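Peer 1: Handing you this structure, nothing more for now.
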Amino acid sequence: MLPVALIFLLSCGATIALTLHRPYLYLRAREREVRVETYFLGALLGPVLILAGGLLTGGQVLDGLSGEGGLQPLGILTLFISMVFMSIFLDITGFFEACARAALRYAKADGTRLFFALYGVVSVLTVFTSNDIVILTLTPFVYYFARHAGVNPKPYLVAEFFAANTWSMALYIGNPTNILLASRFGFTFVGYTGWMLLPTLVAGTVNALLLYLVFRKEIRRPIRPVDLKPSAAITDRPGAVLGLLALGGCVVALALAPYLGLEMWRVSLSFALALLLILALRESYARALRRERNGSAVAEAVRRVPWPIVPFVLSLFVTVYALRVYGVTDRLGDVLLALSGGSEPLLAILYGASSALAANVLNNIPMTLAFASATGALSGAGLLAAALGTAIGSNLGANLTPIGALAGIMWMTILSGKEVRITFPEFVKWGLLVTPATLLVALGVLALQLALGSG
């Protein structure tokens, strides 16, 4: 048991260390320099050490990769990458920036209106796309706008980050951890949202108010108006319409999939491939007419897809499978069940609080896989409580420290290249002022729902 647990911790530590200190590798490919993210290398360390130490056989590794109990690694990755591809293309058309510009125009010279308008736009975009995409695409824009407006960018950057990691709880597709948990426990798209919508609404409201109180002195200062026309951000209007139709249609289809007997990964893949085909035909038609286009939007969208998440997640499946084989995750589940005394509301709170803390030691994706595997002895309402509590912890835990999720580490990396610098202690200070209360109210609402049997 101990060697496997140490390998898991070492793998998670290596992932965090690489992402913090060496986030990218630069490889030469002919005359081009290719930038590769390094975080998946730490995860690969787990299976390598497990195989080298003889802790699992080759057959057992294949069992880990095939998944269990509803956890289908390739299906989960297909769903995530399909949704990300559609979101990235929509961002390439300028749609995300246009939404942010609309919020900024609404705010005019009022810092308070700017704060809440930006928080609202980030929240809405996150609900229907993904927290990772929103954070990575809007962070540079928020930073540059704040500079031109003559205000301290930190309150707005932190609000953007915290909003994305709070409102990502609402839908199945908002966070990779949601997809992992929903797949493991058999949630439908509508069923998941039925339980998580109210905790998300309450947590999002509390989160916004606490952030405003923390930064109110900076926020209340007058800002220099910046004339940014939302429509000017749209660089490809037909593409934006196509992207919205594809993404919106996919969300609706995902909600209907269980009633039609369709697997969700097949639905998302179908919409992504349909969009890809239409865009490829459009670009081919434009080239045939010799119309000049500024590069290929399809190629750019495919390039920006976070492909390293594939070996990252597959490696984690193998490592967590080893934890289950050697009884580590079962022991974790037994402890949490004993502490709950058989109370489902208390079990949800325990899973939520402990998973939020564990995310900041292990990172939220490996934590989610480990906690999902720890529920083997649970069934019925207890299993539901553990799953939903972990969903809340995996999302909100990312707001405690910048290492709670890969998005946080990448967010810090983006900012390190700008003139603004948010230190680790600064982030933790803001996280502790805001996140425990937000986590408590979200878990409190969930516990009340479980006690009443409503979702």
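Every chain in the structure tokens takes a letter, A first, then B, and so on in the order presented; its residues are numbered from 1, and the ligands are numbered from 1 following the presented order.
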Please, which residues in region 107-212 of chain A fall within 12 Å of region 78-93 of chain A when counting only C-alpha atoms, and what is the closest atom pair and distance in Å to one decimal for each, ordered by chain then residue number, as a tab-separated table?
Peer 2:
residue	atom	partner	partner_atom	distance
A:Leu125	CA	A:Ser87	CA	9.7
A:Thr126	CA	A:Ser87	CA	10.2
A:Val127	CA	A:Ser87	CA	11.8
A:Phe128	CA	A:Ser87	CA	9.1
A:Thr129	CA	A:Ser87	CA	6.1
A:Ser130	CA	A:Val84	CA	7.3
A:Asn131	CA	A:Val84	CA	10.2
A:Asp132	CA	A:Val84	CA	9.0
A:Ile133	CA	A:Ile88	CA	7.2
A:Val134	CA	A:Ser87	CA	9.0
A:Ile135	CA	A:Asp91	CA	11.8
A:Leu136	CA	A:Ile88	CA	10.3
A:Thr137	CA	A:Asp91	CA	7.5
A:Leu138	CA	A:Asp91	CA	9.4
A:Tyr172	CA	A:Phe80	CA	10.3
A:Ile173	CA	A:Phe80	CA	7.4
A:Gly174	CA	A:Phe80	CA	9.5
A:Asn175	CA	A:Phe80	CA	8.6
A:Pro176	CA	A:Phe80	CA	6.6
A:Thr177	CA	A:Phe80	CA	10.1
A:Asn178	CA	A:Phe80	CA	10.2
A:Ile179	CA	A:Phe80	CA	7.7
A:Leu180	CA	A:Phe80	CA	9.8
A:Ala182	CA	A:Leu79	CA	11.9
A:Ser183	CA	A:Leu79	CA	10.6
Peer 1: Restricted to C-alpha atoms, what would the selected residues look like written as a compact mmCIF listing (two decimals), in the first residue's frame?
Peer 2:
# COMPACT_ATOMS: atom_id res chain seq x y z
CA LEU A 125 -19.44 32.09 -20.40
CA THR A 126 -18.09 29.51 -17.95
CA VAL A 127 -21.48 27.85 -17.43
CA PHE A 128 -21.85 27.10 -21.13
CA THR A 129 -18.21 26.48 -22.07
CA SER A 130 -15.45 25.53 -19.63
CA ASN A 131 -13.62 27.25 -16.79
CA ASP A 132 -10.21 26.44 -18.29
CA ILE A 133 -11.08 28.02 -21.65
CA VAL A 134 -12.54 31.17 -20.08
CA ILE A 135 -9.59 31.66 -17.75
CA LEU A 136 -6.93 31.15 -20.40
CA THR A 137 -8.63 33.27 -23.07
CA LEU A 138 -9.93 36.21 -21.02
CA TYR A 172 -21.76 18.70 -16.54
CA ILE A 173 -19.36 20.30 -19.08
CA GLY A 174 -18.01 23.19 -16.94
CA ASN A 175 -14.95 21.39 -15.61
CA PRO A 176 -13.13 18.15 -16.54
CA THR A 177 -13.67 17.00 -12.94
CA ASN A 178 -17.44 17.29 -13.40
CA ILE A 179 -17.23 15.03 -16.44
CA LEU A 180 -15.15 12.49 -14.52
CA ALA A 182 -20.75 12.39 -13.75
CA SER A 183 -19.34 9.53 -15.82
Peer 1: Could you find all residues in region 298-396 of chain A that DSSP calls helix (DSSP H, G or I) from the backbone, and write them as a short mmCIF file (atom, residue, chain, number, x, y, z; two decimals) with C-alpha atoms, in the first residue's frame?
Peer 2:
data_model
loop_
_atom_site.label_atom_id
_atom_site.label_comp_id
_atom_site.auth_asym_id
_atom_site.auth_seq_id
_atom_site.Cartn_x
_atom_site.Cartn_y
_atom_site.Cartn_z
CA VAL A 298 -9.56 25.23 -38.14
CA ALA A 299 -5.81 24.68 -37.82
CA GLU A 300 -5.59 27.32 -35.09
CA ALA A 301 -8.45 25.77 -33.11
CA VAL A 302 -6.94 22.28 -33.40
CA ARG A 303 -3.52 23.63 -32.38
CA ARG A 304 -4.95 25.30 -29.26
CA ILE A 309 -4.44 16.30 -21.20
CA VAL A 310 -4.81 12.94 -23.02
CA PRO A 311 -1.61 11.31 -21.65
CA PHE A 312 -2.16 13.21 -18.38
CA VAL A 313 -5.60 11.70 -17.71
CA LEU A 314 -4.71 8.23 -19.04
CA SER A 315 -1.65 8.10 -16.78
CA LEU A 316 -3.72 9.12 -13.79
CA PHE A 317 -6.24 6.38 -14.50
CA VAL A 318 -3.44 3.81 -14.25
CA THR A 319 -2.02 5.28 -11.03
CA VAL A 320 -5.42 5.54 -9.34
CA TYR A 321 -6.22 1.99 -10.46
CA ALA A 322 -3.08 0.90 -8.58
CA LEU A 323 -4.30 2.79 -5.51
CA ARG A 324 -7.57 0.85 -5.69
CA VAL A 325 -5.84 -2.50 -6.22
CA VAL A 328 -5.55 2.91 -0.54
CA THR A 329 -8.71 4.53 -1.89
CA ASP A 330 -10.90 2.04 -0.02
CA ARG A 331 -9.22 3.06 3.22
CA LEU A 332 -9.94 6.73 2.47
CA GLY A 333 -13.59 5.93 1.81
CA ASP A 334 -13.88 3.92 5.04
CA VAL A 335 -12.51 6.82 7.11
CA LEU A 336 -14.91 9.37 5.60
CA LEU A 337 -17.88 7.00 5.97
CA ALA A 338 -17.02 6.36 9.64
CA LEU A 339 -16.72 10.07 10.36
CA SER A 340 -20.13 10.73 8.80
CA GLU A 344 -25.73 11.53 3.91
CA PRO A 345 -25.69 15.35 4.40
CA LEU A 346 -22.64 15.07 6.66
CA LEU A 347 -20.98 12.69 4.20
CA ALA A 348 -21.42 15.28 1.43
CA ILE A 349 -19.82 17.95 3.62
CA LEU A 350 -16.90 15.66 4.53
CA TYR A 351 -16.26 14.68 0.92
CA GLY A 352 -16.57 18.29 -0.21
CA ALA A 353 -14.27 19.79 2.43
CA SER A 354 -11.63 17.05 2.25
CA SER A 355 -11.60 17.02 -1.56
CA ALA A 356 -11.17 20.81 -1.67
CA LEU A 357 -8.15 20.53 0.63
CA ALA A 358 -6.76 17.48 -1.17
CA ALA A 359 -6.95 19.29 -4.52
CA ASN A 360 -4.34 21.71 -3.22
CA VAL A 361 -1.95 18.86 -2.49
CA LEU A 362 -2.66 16.60 -5.46
CA ASN A 364 -7.98 18.60 -8.68
CA ILE A 365 -8.02 16.03 -11.50
CA PRO A 366 -5.95 13.31 -9.75
CA MET A 367 -7.80 14.15 -6.53
CA THR A 368 -11.16 13.63 -8.24
CA LEU A 369 -10.13 10.25 -9.63
CA ALA A 370 -8.89 9.15 -6.20
CA PHE A 371 -12.03 10.30 -4.38
CA ALA A 372 -14.29 8.75 -7.03
CA SER A 373 -12.48 5.46 -6.49
CA GLY A 380 -27.76 4.86 -2.97
CA ALA A 381 -28.02 8.21 -1.21
CA GLY A 382 -24.56 7.86 0.32
CA LEU A 383 -22.96 7.46 -3.09
CA LEU A 384 -24.90 10.45 -4.41
CA ALA A 385 -23.81 12.60 -1.47
CA ALA A 386 -20.14 11.68 -1.89
CA ALA A 387 -20.21 12.37 -5.63
CA LEU A 388 -21.89 15.78 -5.33
CA GLY A 389 -19.72 16.83 -2.40
CA THR A 390 -16.60 15.94 -4.38
CA ALA A 391 -17.90 17.94 -7.37
CA ILE A 392 -18.16 21.05 -5.19
CA GLY A 393 -14.74 20.46 -3.63
CA SER A 394 -13.02 19.86 -6.97
CA ASN A 395 -14.29 23.18 -8.36
CA LEU A 396 -14.04 25.49 -5.34
#
Peer 1: As a PyMOL selection string, please: every residue in region 29-123 of chain A that DSSP puts in strand (DSSP E).
Peer 2: chain A and resi 29+32-37
Peer 1: Just checking: using only C-alpha atoms, which residue out of A:Val158, A:Leu104, A:Leu114, A:Ile50 ends up closest to Leu415 (chain A)?
Peer 2: A:Val158
Peer 1: Write out as a list in words which residues come within 10 Å of Pro3 (chain A) when counting only C-alpha atoms, dropping same-chain ones fewer than 3 positions away.
Peer 2: Leu6, Ile7, Phe8, Leu9, Leu49, Ile50, Gly53, Leu55, Leu323 and Tyr326 of chain A
Peer 1: For N, CA and C atoms, I'd like the residues from the last selection saved as a PDB file, in the first residue's frame.
Peer 2:
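And here's result.pdb as it stands now:
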ATOM      1  N   LEU A   6       2.987   6.519  -2.189  1.00  0.00           N
ATOM      2  CA  LEU A   6       4.129   7.420  -2.368  1.00  0.00           C
ATOM      3  C   LEU A   6       4.329   7.763  -3.844  1.00  0.00           C
ATOM      4  N   ILE A   7       4.147   6.770  -4.708  1.00  0.00           N
ATOM      5  CA  ILE A   7       4.276   7.025  -6.156  1.00  0.00           C
ATOM      6  C   ILE A   7       3.215   8.015  -6.610  1.00  0.00           C
ATOM      7  N   PHE A   8       1.990   7.865  -6.119  1.00  0.00           N
ATOM      8  CA  PHE A   8       0.907   8.782  -6.469  1.00  0.00           C
ATOM      9  C   PHE A   8       1.249  10.210  -6.034  1.00  0.00           C
ATOM     10  N   LEU A   9       1.725  10.354  -4.797  1.00  0.00           N
ATOM     11  CA  LEU A   9       2.095  11.683  -4.292  1.00  0.00           C
ATOM     12  C   LEU A   9       3.272  12.262  -5.074  1.00  0.00           C
ATOM     13  N   LEU A  49       6.889   4.245 -12.873  1.00  0.00           N
ATOM     14  CA  LEU A  49       7.404   3.699 -11.610  1.00  0.00           C
ATOM     15  C   LEU A  49       6.614   2.467 -11.175  1.00  0.00           C
ATOM     16  N   ILE A  50       5.320   2.479 -11.418  1.00  0.00           N
ATOM     17  CA  ILE A  50       4.488   1.334 -11.041  1.00  0.00           C
ATOM     18  C   ILE A  50       4.877   0.090 -11.829  1.00  0.00           C
ATOM     19  N   GLY A  53       8.502  -0.995 -10.825  1.00  0.00           N
ATOM     20  CA  GLY A  53       8.546  -1.629  -9.509  1.00  0.00           C
ATOM     21  C   GLY A  53       7.757  -2.924  -9.437  1.00  0.00           C
ATOM     22  N   LEU A  55       4.593  -3.325  -9.476  1.00  0.00           N
ATOM     23  CA  LEU A  55       3.389  -3.189  -8.656  1.00  0.00           C
ATOM     24  C   LEU A  55       2.127  -3.539  -9.435  1.00  0.00           C
ATOM     25  N   LEU A 323      -3.863   2.439  -6.864  1.00  0.00           N
ATOM     26  CA  LEU A 323      -4.300   2.786  -5.506  1.00  0.00           C
ATOM     27  C   LEU A 323      -5.486   1.922  -5.081  1.00  0.00           C
ATOM     28  N   TYR A 326      -4.437  -1.782  -4.371  1.00  0.00           N
ATOM     29  CA  TYR A 326      -3.735  -1.948  -3.094  1.00  0.00           C
ATOM     30  C   TYR A 326      -4.523  -1.409  -1.903  1.00  0.00           C
TER      31      TYR A 326
END
Peer 1: Counting only C-alpha atoms, what is within 12 Å of Glu263 (chain A), bar same-chain residues fewer than 2 positions away, as an MDAnalysis selection string?
Peer 2: chainID A and resid 70 72 75:76 78:79 183 186:189 253:261 265:270
Peer 1: Include N, CA and C atoms and write out the residues we just selected as a compact mmCIF listing (two decimals), in the first residue's frame.
Peer 2:
# COMPACT_ATOMS: atom_id res chain seq x y z
N GLY A 70 -18.33 2.89 -15.06
CA GLY A 70 -18.81 4.07 -15.78
C GLY A 70 -17.73 5.04 -16.18
N GLN A 72 -15.04 5.77 -18.37
CA GLN A 72 -14.42 5.39 -19.63
C GLN A 72 -13.46 6.50 -20.04
N GLY A 75 -13.83 7.96 -23.59
CA GLY A 75 -15.10 8.66 -23.74
C GLY A 75 -15.09 10.01 -23.04
N ILE A 76 -14.52 10.05 -21.84
CA ILE A 76 -14.42 11.30 -21.08
C ILE A 76 -13.56 12.31 -21.82
N THR A 78 -12.88 12.35 -25.02
CA THR A 78 -13.54 12.76 -26.26
C THR A 78 -14.58 13.85 -25.99
N LEU A 79 -15.36 13.68 -24.94
CA LEU A 79 -16.36 14.69 -24.58
C LEU A 79 -15.69 16.01 -24.26
N SER A 183 -19.53 10.81 -15.13
CA SER A 183 -19.34 9.53 -15.82
C SER A 183 -19.26 8.37 -14.82
N GLY A 186 -22.86 7.97 -13.16
CA GLY A 186 -24.02 7.81 -14.02
C GLY A 186 -25.00 8.97 -14.03
N PHE A 187 -24.52 10.19 -13.76
CA PHE A 187 -25.41 11.35 -13.82
C PHE A 187 -25.80 11.65 -15.26
N THR A 188 -27.05 11.99 -15.47
CA THR A 188 -27.43 12.57 -16.75
C THR A 188 -27.08 14.05 -16.74
N PHE A 189 -27.11 14.68 -17.91
CA PHE A 189 -26.81 16.11 -18.00
C PHE A 189 -27.80 16.91 -17.14
N ALA A 253 -28.51 18.97 -27.00
CA ALA A 253 -28.46 17.54 -27.33
C ALA A 253 -27.93 16.72 -26.16
N LEU A 254 -26.97 17.26 -25.41
CA LEU A 254 -26.45 16.55 -24.24
C LEU A 254 -27.54 16.38 -23.19
N ALA A 255 -28.39 17.40 -23.05
CA ALA A 255 -29.49 17.30 -22.10
C ALA A 255 -30.50 16.23 -22.51
N LEU A 256 -30.67 16.05 -23.82
CA LEU A 256 -31.65 15.08 -24.33
C LEU A 256 -31.08 13.69 -24.52
N ALA A 257 -29.74 13.57 -24.52
CA ALA A 257 -29.07 12.30 -24.86
C ALA A 257 -29.59 11.09 -24.08
N PRO A 258 -29.74 11.18 -22.74
CA PRO A 258 -30.19 9.97 -22.01
C PRO A 258 -31.57 9.50 -22.44
N TYR A 259 -32.44 10.45 -22.82
CA TYR A 259 -33.79 10.08 -23.22
C TYR A 259 -33.82 9.48 -24.63
N LEU A 260 -32.75 9.73 -25.38
CA LEU A 260 -32.65 9.19 -26.74
C LEU A 260 -31.75 7.96 -26.80
N GLY A 261 -31.21 7.59 -25.63
CA GLY A 261 -30.35 6.42 -25.57
C GLY A 261 -28.98 6.64 -26.19
N TRP A 265 -20.52 11.29 -25.04
CA TRP A 265 -19.29 11.56 -25.79
C TRP A 265 -19.55 11.47 -27.30
N ARG A 266 -20.48 10.60 -27.69
CA ARG A 266 -20.82 10.50 -29.11
C ARG A 266 -21.54 11.75 -29.60
N VAL A 267 -22.38 12.32 -28.73
CA VAL A 267 -23.11 13.54 -29.08
C VAL A 267 -22.14 14.69 -29.29
N SER A 268 -21.25 14.91 -28.32
CA SER A 268 -20.31 16.04 -28.41
C SER A 268 -19.36 15.86 -29.59
N LEU A 269 -18.92 14.63 -29.81
CA LEU A 269 -18.02 14.37 -30.94
C LEU A 269 -18.72 14.65 -32.26
N SER A 270 -19.99 14.28 -32.36
CA SER A 270 -20.74 14.52 -33.60
C SER A 270 -20.84 16.01 -33.92
Peer 1: Have a look at A:Gly342, A:Pro230, A:Pro225, A:Pro199 and name the one nearest to Phe145 (chain A); count only C-alpha atoms.
Peer 2: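 Among the listed residues, A:Pro225 lies closest to Phe145 (chain A).
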Peer 1: Which is closer to Leu44 (chain A) than all the others in A:Pro308, A:Ala149, A:Val252, A:Ser11, using only C-alpha atoms?
Peer 2: A:Ser11
Peer 1: Leaving out Val142 (chain A) and any residue of its chain fewer than 4 positions from it, which residues lie within 8 Å of it when counting only C-alpha atoms, given as a PDB file with C-alpha atoms, in the first residue's frame?
Peer 2:
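What landed in around.pdb:
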ATOM      1  CA  LEU A 138      -9.931  36.215 -21.023  1.00  0.00           C
ATOM      2  CA  ALA A 146      -7.121  47.322 -16.777  1.00  0.00           C
ATOM      3  CA  PRO A 153      -5.789  44.774 -12.563  1.00  0.00           C
ATOM      4  CA  TYR A 156     -10.541  42.061 -11.794  1.00  0.00           C
ATOM      5  CA  LEU A 157      -8.152  39.211 -12.566  1.00  0.00           C
TER       6      LEU A 157
END
Peer 1: Need the shell around Asp227 (chain A): protein/DNA/RNA residues with any atom at most 12 Å away, counting only C-alpha atoms. Skip same-chain ones fewer than 5 positions apart. Format as a list of chain:residue names?
Peer 2: A:Arg101, A:Ala102, A:Ala103, A:Leu104, A:Arg105, A:Tyr106, A:Ala107, A:Lys108, A:Ala109, A:Phe145, A:His148, A:Ala149, A:Ala232
Peer 1: Only C-alpha atoms, please: the residues just picked out, written as a PDB file, in the first residue's frame.
Peer 2:
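Final file, part-v8.pdb:
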ATOM      1  CA  ARG A 101     -16.203  44.423 -24.206  1.00  0.00           C
ATOM      2  CA  ALA A 102     -19.979  44.665 -23.800  1.00  0.00           C
ATOM      3  CA  ALA A 103     -19.551  44.362 -20.030  1.00  0.00           C
ATOM      4  CA  LEU A 104     -16.839  47.007 -20.032  1.00  0.00           C
ATOM      5  CA  ARG A 105     -18.931  49.394 -22.128  1.00  0.00           C
ATOM      6  CA  TYR A 106     -21.833  48.911 -19.695  1.00  0.00           C
ATOM      7  CA  ALA A 107     -19.547  49.779 -16.756  1.00  0.00           C
ATOM      8  CA  LYS A 108     -18.412  53.120 -18.269  1.00  0.00           C
ATOM      9  CA  ALA A 109     -16.305  54.869 -15.587  1.00  0.00           C
ATOM     10  CA  PHE A 145      -7.977  46.535 -20.403  1.00  0.00           C
ATOM     11  CA  HIS A 148      -5.516  51.105 -20.437  1.00  0.00           C
ATOM     12  CA  ALA A 149      -8.201  52.077 -17.905  1.00  0.00           C
ATOM     13  CA  ALA A 232     -15.247  45.350 -33.465  1.00  0.00           C
TER      14      ALA A 232
END
Peer 1: Give me the residues near region 209-213 of chain A as a list of chain:residue names, where near means some atom within 8 Å (using only C-alpha atoms) and where sequence neighbours in that chain fewer than 5 positions away do not count.
Peer 2: A:Phe115, A:Pro155, A:Ala159, A:Ile219, A:Leu433, A:Val434
Peer 1: Could you dump the residues just selected with C-alpha atoms as a PDB file, in the first residue's frame?
Peer 2:
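Resulting contents of out.pdb:
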ATOM      1  CA  PHE A 115     -16.390  44.544 -11.352  1.00  0.00           C
ATOM      2  CA  PRO A 155      -9.183  42.708  -8.318  1.00  0.00           C
ATOM      3  CA  ALA A 159     -12.672  38.016  -9.797  1.00  0.00           C
ATOM      4  CA  ILE A 219     -12.831  48.770  -7.066  1.00  0.00           C
ATOM      5  CA  LEU A 433     -10.775  35.209   2.892  1.00  0.00           C
ATOM      6  CA  VAL A 434     -13.274  34.087   0.266  1.00  0.00           C
TER       7      VAL A 434
END
